[in-house]
Amino acid sequence: MSFGRAVVIGGSISGLLSAAALSETFDAVTIVERDELPHGPEHRRGVPQGLQVHALLAVGQEAMEDLLRGLGEDFQAAGGVVVDSPADLAVYTAQGWSGRVESEARVVCMRRPALEWVIRRRVAELPNVEIVKATAAGLIGTDDAGRVTGVTLRGSAAASISADLVVDASGRSSRAGAWLENLGYDKPREVELRSFIGYATVPVRLPEDALPEGVKGVLAHPHPGNPQGAAVVPCDNGLYLVAGLGMVHADPPSDREEFLAHLDKAPSPLVGEIARKAEFLAPVETYRMPGSRRRLWEELERMPEGFVLVGDAVMSFNPLYGQGMSVAAVEARLMRDVVRDSAGERTGLASRIQRSFKDTIDTVFGMVVNIDGLYDDAELLGVDRPSAEAVTAGRYLSQLATEDVETCLAQKYAAHYFSADKVRSQSIQDKLREWIASGREVTHTDPRCIPEIMRR
Ligand SMILES: Cc1cc2nc3c(=O)[nH]c(=O)nc-3n(C[C@H](O)[C@H](O)[C@H](O)COP(=O)(O)OP(=O)(O)OC[C@H]3O[C@@H](n4cnc5c(N)ncnc54)[C@H](O)[C@@H]3O)c2cc1C
């Protein structure tokens, strides 16, 4: 049975990957994107976060590679850098320096417009995918509104486009709730974690000896005791990004001197010192967002056939943990698999796809709540703060991970693969009990002194 045409609203990371996922089974896939898309690695209006530091986690790379073979090599050919997060990046947290150990957890570092461009080039080459410039203005339904059959358009010669499946990948400001209301459906419940996040990023060139020996980047994470963070990480083509990070309104500014002062106040002063040796290649760009927001589409009892939402349109996260693009990639792969397994059965297909995202989103949202929920000034709407036991357990686990290789790797695995399975192993739980009973303190707390790599 032919699946016909899929229309994807939005041509950013989740739209492109959804199109790649559906191109396998649908005869034709049309991406509707309101921006004029650049023919190179350039920033564009529709992705205002594009100038801020981005990193692609291991699970996201693997899902992308599964959808578009050879994409990892394409990232590197376009100048992207692959780092081993726990070994190459020195990370200072509320518990001192995170453990450093060689791992399989690879992170792709490159500027966001370049990363998107590499994916877009590959998707545009797929023979049954086209990208059209238009703004999606609403949904078209059958007379009984039981199925979505197309999208109305603005800013293009065609007033509408028909579809057998419509995917909303239009990001955080998706209008899908209002569009569905027009068809007689309820809006989904929303939960929010307002941790009032600020970013400021500048691309720089670093002199050769600017970074401490043996590391490719330094992150000083904000935490409730100090909400001003800082990072310097490689991006592409030998350049670096320096970023100021802020939680609960501790927004980094764009003025160069004030930006440097923000970096100085981060939990480790190393990023500020490195930034002072850097050649700034552009103005410092700032970005603010209220926090993480989840729309529980999968909960709705009534949804039309033929309509699915992905990426930030479903859940947009505090970007400090680098999860958004990876969640989008995992969702696109799930979408491909559900369509593959459907044996051509279109009834219920959209809701099966939507429900398949739930476990991943639950896990990632839980991780964000456990960290951002620690800030007294964060506002939680429709979601509980982490329990005192969860907070204490998390703190001890992070302490143990600064010195124990197995725990360090398990914690990295949880962050990179959205799975706490390894952290829950008997061996780690035993070590954790021992650590707590011993009353030991962490040793790597000097914010200027990066620890050696631990041997396995
Ligand atoms: C400051 C910051 C830093 C981040 N850092 C990271 C990171 O390190 N790692 C990571 O994985 N993620 C990070 N993210 C998250 C990441 O940017 C997003 O999760 C990712 O872009 C996926 O989003 P999306 O494709 O769903 O939506 P978006 O990227 O928001 O794209 C939506 C697209 O839809 C288009 N569009 C919107 N409305 C319409 C319409 N009506 N018709 C047609 N087109 C439309 C827009 O033009 C745009 O192209 C960060 C986010 C922020 C804000």
# chains A, B, ... in the order shown; residues from 1 in each chain; ligands from 1

call {"tool": "residues_near_ligand", "arguments": {"ligand": "ligand 1", "cutoff": "7 Å", "atoms": "only C-alpha atoms and all ligand atoms", "output": "VMD selection string"}}
result
chain A and resid 9 to 15 32 to 35 45 to 47 49 to 50 52 to 57 134 to 137 169 to 174 199 287 289 310 to 313 316 319 to 326 328

call {"tool": "residues_around", "arguments": {"residues": "region 421-438 of chain A", "least_positions_apart": "3", "cutoff": "7 Å", "atoms": "only C-alpha atoms", "output": "PyMOL selection string"}}
result
chain A and resi 397+400+407+410-411

call {"tool": "write_last_selection", "arguments": {"atoms": "N, CA, C and O atoms", "output": "short mmCIF file (atom, residue, chain, number, x, y, z; two decimals), in the first residue's frame"}}
result
data_model
loop_
_atom_site.label_atom_id
_atom_site.label_comp_id
_atom_site.auth_asym_id
_atom_site.auth_seq_id
_atom_site.Cartn_x
_atom_site.Cartn_y
_atom_site.Cartn_z
N LEU A 397 25.76 10.51 43.88
CA LEU A 397 26.16 9.84 42.64
C LEU A 397 27.19 10.70 41.90
O LEU A 397 28.22 10.19 41.42
N LEU A 400 30.53 10.45 43.68
CA LEU A 400 31.21 9.19 43.38
C LEU A 400 31.78 9.19 41.97
O LEU A 400 32.89 8.69 41.72
N THR A 407 31.24 4.55 37.59
CA THR A 407 30.13 5.48 37.84
C THR A 407 30.19 6.66 36.88
O THR A 407 29.17 7.13 36.37
N ALA A 410 28.88 5.49 33.64
CA ALA A 410 27.42 5.26 33.69
C ALA A 410 26.67 6.58 33.68
O ALA A 410 25.62 6.72 33.04
N GLN A 411 27.23 7.57 34.38
CA GLN A 411 26.57 8.88 34.42
C GLN A 411 26.62 9.55 33.04
O GLN A 411 25.66 10.15 32.58
#

call {"tool": "closest_atom_pairs", "arguments": {"of": "region 157-215 of chain A", "to": "region 227-251 of chain A", "cutoff": "6 Å", "atoms": "only C-alpha atoms", "output": "JSON lines"}}
result
{"residue": "A:Ser195", "atom": "CA", "partner": "A:Val248", "partner_atom": "CA", "distance": 5.1}
{"residue": "A:Phe196", "atom": "CA", "partner": "A:Val248", "partner_atom": "CA", "distance": 4.6}
{"residue": "A:Ile197", "atom": "CA", "partner": "A:Met247", "partner_atom": "CA", "distance": 4.8}
{"residue": "A:Gly198", "atom": "CA", "partner": "A:Asp251", "partner_atom": "CA", "distance": 4.4}
{"residue": "A:Tyr199", "atom": "CA", "partner": "A:Leu245", "partner_atom": "CA", "distance": 4.8}
{"residue": "A:Ala200", "atom": "CA", "partner": "A:Gly244", "partner_atom": "CA", "distance": 5.0}
{"residue": "A:Thr201", "atom": "CA", "partner": "A:Ala243", "partner_atom": "CA", "distance": 4.3}
{"residue": "A:Val202", "atom": "CA", "partner": "A:Val242", "partner_atom": "CA", "distance": 5.5}
{"residue": "A:Pro203", "atom": "CA", "partner": "A:Leu241", "partner_atom": "CA", "distance": 4.5}
{"residue": "A:Val204", "atom": "CA", "partner": "A:Tyr240", "partner_atom": "CA", "distance": 5.3}
{"residue": "A:Arg205", "atom": "CA", "partner": "A:Leu239", "partner_atom": "CA", "distance": 5.3}

call {"tool": "write_last_selection", "arguments": {"atoms": "N, CA, C and O atoms", "output": "PDB file, in the first residue's frame"}}
result
ATOM      1  N   SER A 195      13.104  28.172  34.388  1.00  0.00           N
ATOM      2  CA  SER A 195      14.371  28.374  35.103  1.00  0.00           C
ATOM      3  C   SER A 195      15.115  29.590  34.530  1.00  0.00           C
ATOM      4  O   SER A 195      16.256  29.822  34.873  1.00  0.00           O
ATOM      5  N   PHE A 196      14.459  30.342  33.655  1.00  0.00           N
ATOM      6  CA  PHE A 196      14.909  31.662  33.177  1.00  0.00           C
ATOM      7  C   PHE A 196      16.387  31.631  32.770  1.00  0.00           C
ATOM      8  O   PHE A 196      17.276  32.056  33.509  1.00  0.00           O
ATOM      9  N   ILE A 197      16.581  31.102  31.558  1.00  0.00           N
ATOM     10  CA  ILE A 197      17.932  30.783  31.082  1.00  0.00           C
ATOM     11  C   ILE A 197      18.461  31.893  30.172  1.00  0.00           C
ATOM     12  O   ILE A 197      17.733  32.418  29.323  1.00  0.00           O
ATOM     13  N   GLY A 198      19.714  32.234  30.346  1.00  0.00           N
ATOM     14  CA  GLY A 198      20.357  33.214  29.466  1.00  0.00           C
ATOM     15  C   GLY A 198      21.617  32.628  28.854  1.00  0.00           C
ATOM     16  O   GLY A 198      22.340  31.867  29.506  1.00  0.00           O
ATOM     17  N   TYR A 199      21.846  32.956  27.567  1.00  0.00           N
ATOM     18  CA  TYR A 199      23.042  32.518  26.849  1.00  0.00           C
ATOM     19  C   TYR A 199      23.706  33.737  26.226  1.00  0.00           C
ATOM     20  O   TYR A 199      23.027  34.710  25.872  1.00  0.00           O
ATOM     21  N   ALA A 200      25.001  33.672  26.061  1.00  0.00           N
ATOM     22  CA  ALA A 200      25.714  34.637  25.221  1.00  0.00           C
ATOM     23  C   ALA A 200      26.886  33.890  24.615  1.00  0.00           C
ATOM     24  O   ALA A 200      27.595  33.176  25.329  1.00  0.00           O
ATOM     25  N   THR A 201      27.044  34.015  23.302  1.00  0.00           N
ATOM     26  CA  THR A 201      28.079  33.211  22.618  1.00  0.00           C
ATOM     27  C   THR A 201      28.849  34.077  21.637  1.00  0.00           C
ATOM     28  O   THR A 201      28.276  34.951  20.980  1.00  0.00           O
ATOM     29  N   VAL A 202      30.147  33.781  21.517  1.00  0.00           N
ATOM     30  CA  VAL A 202      30.975  34.461  20.519  1.00  0.00           C
ATOM     31  C   VAL A 202      31.962  33.450  19.925  1.00  0.00           C
ATOM     32  O   VAL A 202      32.562  32.665  20.659  1.00  0.00           O
ATOM     33  N   PRO A 203      32.101  33.437  18.575  1.00  0.00           N
ATOM     34  CA  PRO A 203      33.142  32.591  17.981  1.00  0.00           C
ATOM     35  C   PRO A 203      34.505  33.256  18.155  1.00  0.00           C
ATOM     36  O   PRO A 203      34.610  34.484  17.997  1.00  0.00           O
ATOM     37  N   VAL A 204      35.508  32.461  18.469  1.00  0.00           N
ATOM     38  CA  VAL A 204      36.843  33.028  18.727  1.00  0.00           C
ATOM     39  C   VAL A 204      37.925  32.175  18.089  1.00  0.00           C
ATOM     40  O   VAL A 204      37.715  30.996  17.779  1.00  0.00           O
ATOM     41  N   ARG A 205      39.102  32.812  17.943  1.00  0.00           N
ATOM     42  CA  ARG A 205      40.320  32.071  17.598  1.00  0.00           C
ATOM     43  C   ARG A 205      41.176  32.075  18.849  1.00  0.00           C
ATOM     44  O   ARG A 205      41.318  33.112  19.505  1.00  0.00           O
TER      45      ARG A 205
END

call {"tool": "select_by_dssp", "arguments": {"residues": "region 240-396 of chain A", "states": "helix (DSSP H, G or I)", "output": "PyMOL selection string"}}
result
chain A and resi 256-264+270-276+297-299+311-313+319-321+324-341+349-356+358-372+388-396

call {"tool": "select_by_dssp", "arguments": {"residues": "region 35-236 of chain A", "states": "strand (DSSP E)", "output": "PyMOL selection string"}}
result
chain A and resi 55-56+81-84+89-93+96-97+106-109+129-133+135-141+148-154+160-162+165-168+190-205+217-220+228-234

call {"tool": "atom_distance", "arguments": {"atom1": "CA of Asp143 (chain A)", "atom2": "CA of Asp186 (chain A)"}}
result
17.6 Å

call {"tool": "closest_residue", "arguments": {"among": "A:Val369, A:Leu409, A:Leu89, A:Ala77", "to": "Arg194 (chain A)", "atoms": "only C-alpha atoms"}}
result
A:Val369

call {"tool": "residues_around", "arguments": {"residues": "Val82 (chain A)", "least_positions_apart": "5", "cutoff": "7 Å", "atoms": "only C-alpha atoms", "output": "list in words"}}
result
Arg106, Val107, Val108 and Cys109 of chain A

call {"tool": "closest_residue", "arguments": {"among": "A:Arg333, A:Val314, A:Val391, A:Gly70", "to": "Met367 (chain A)", "atoms": "only C-alpha atoms"}}
result
A:Val391

call {"tool": "closest_residue", "arguments": {"among": "A:Gln354, A:Thr392, A:Thr286, A:Ser254", "to": "Glu299 (chain A)", "atoms": "only C-alpha atoms"}}
result
A:Gln354

call {"tool": "closest_residue", "arguments": {"among": "A:Pro188, A:Pro41, A:Gly146, A:Gly79", "to": "Ala114 (chain A)", "atoms": "only C-alpha atoms"}}
result
A:Pro41
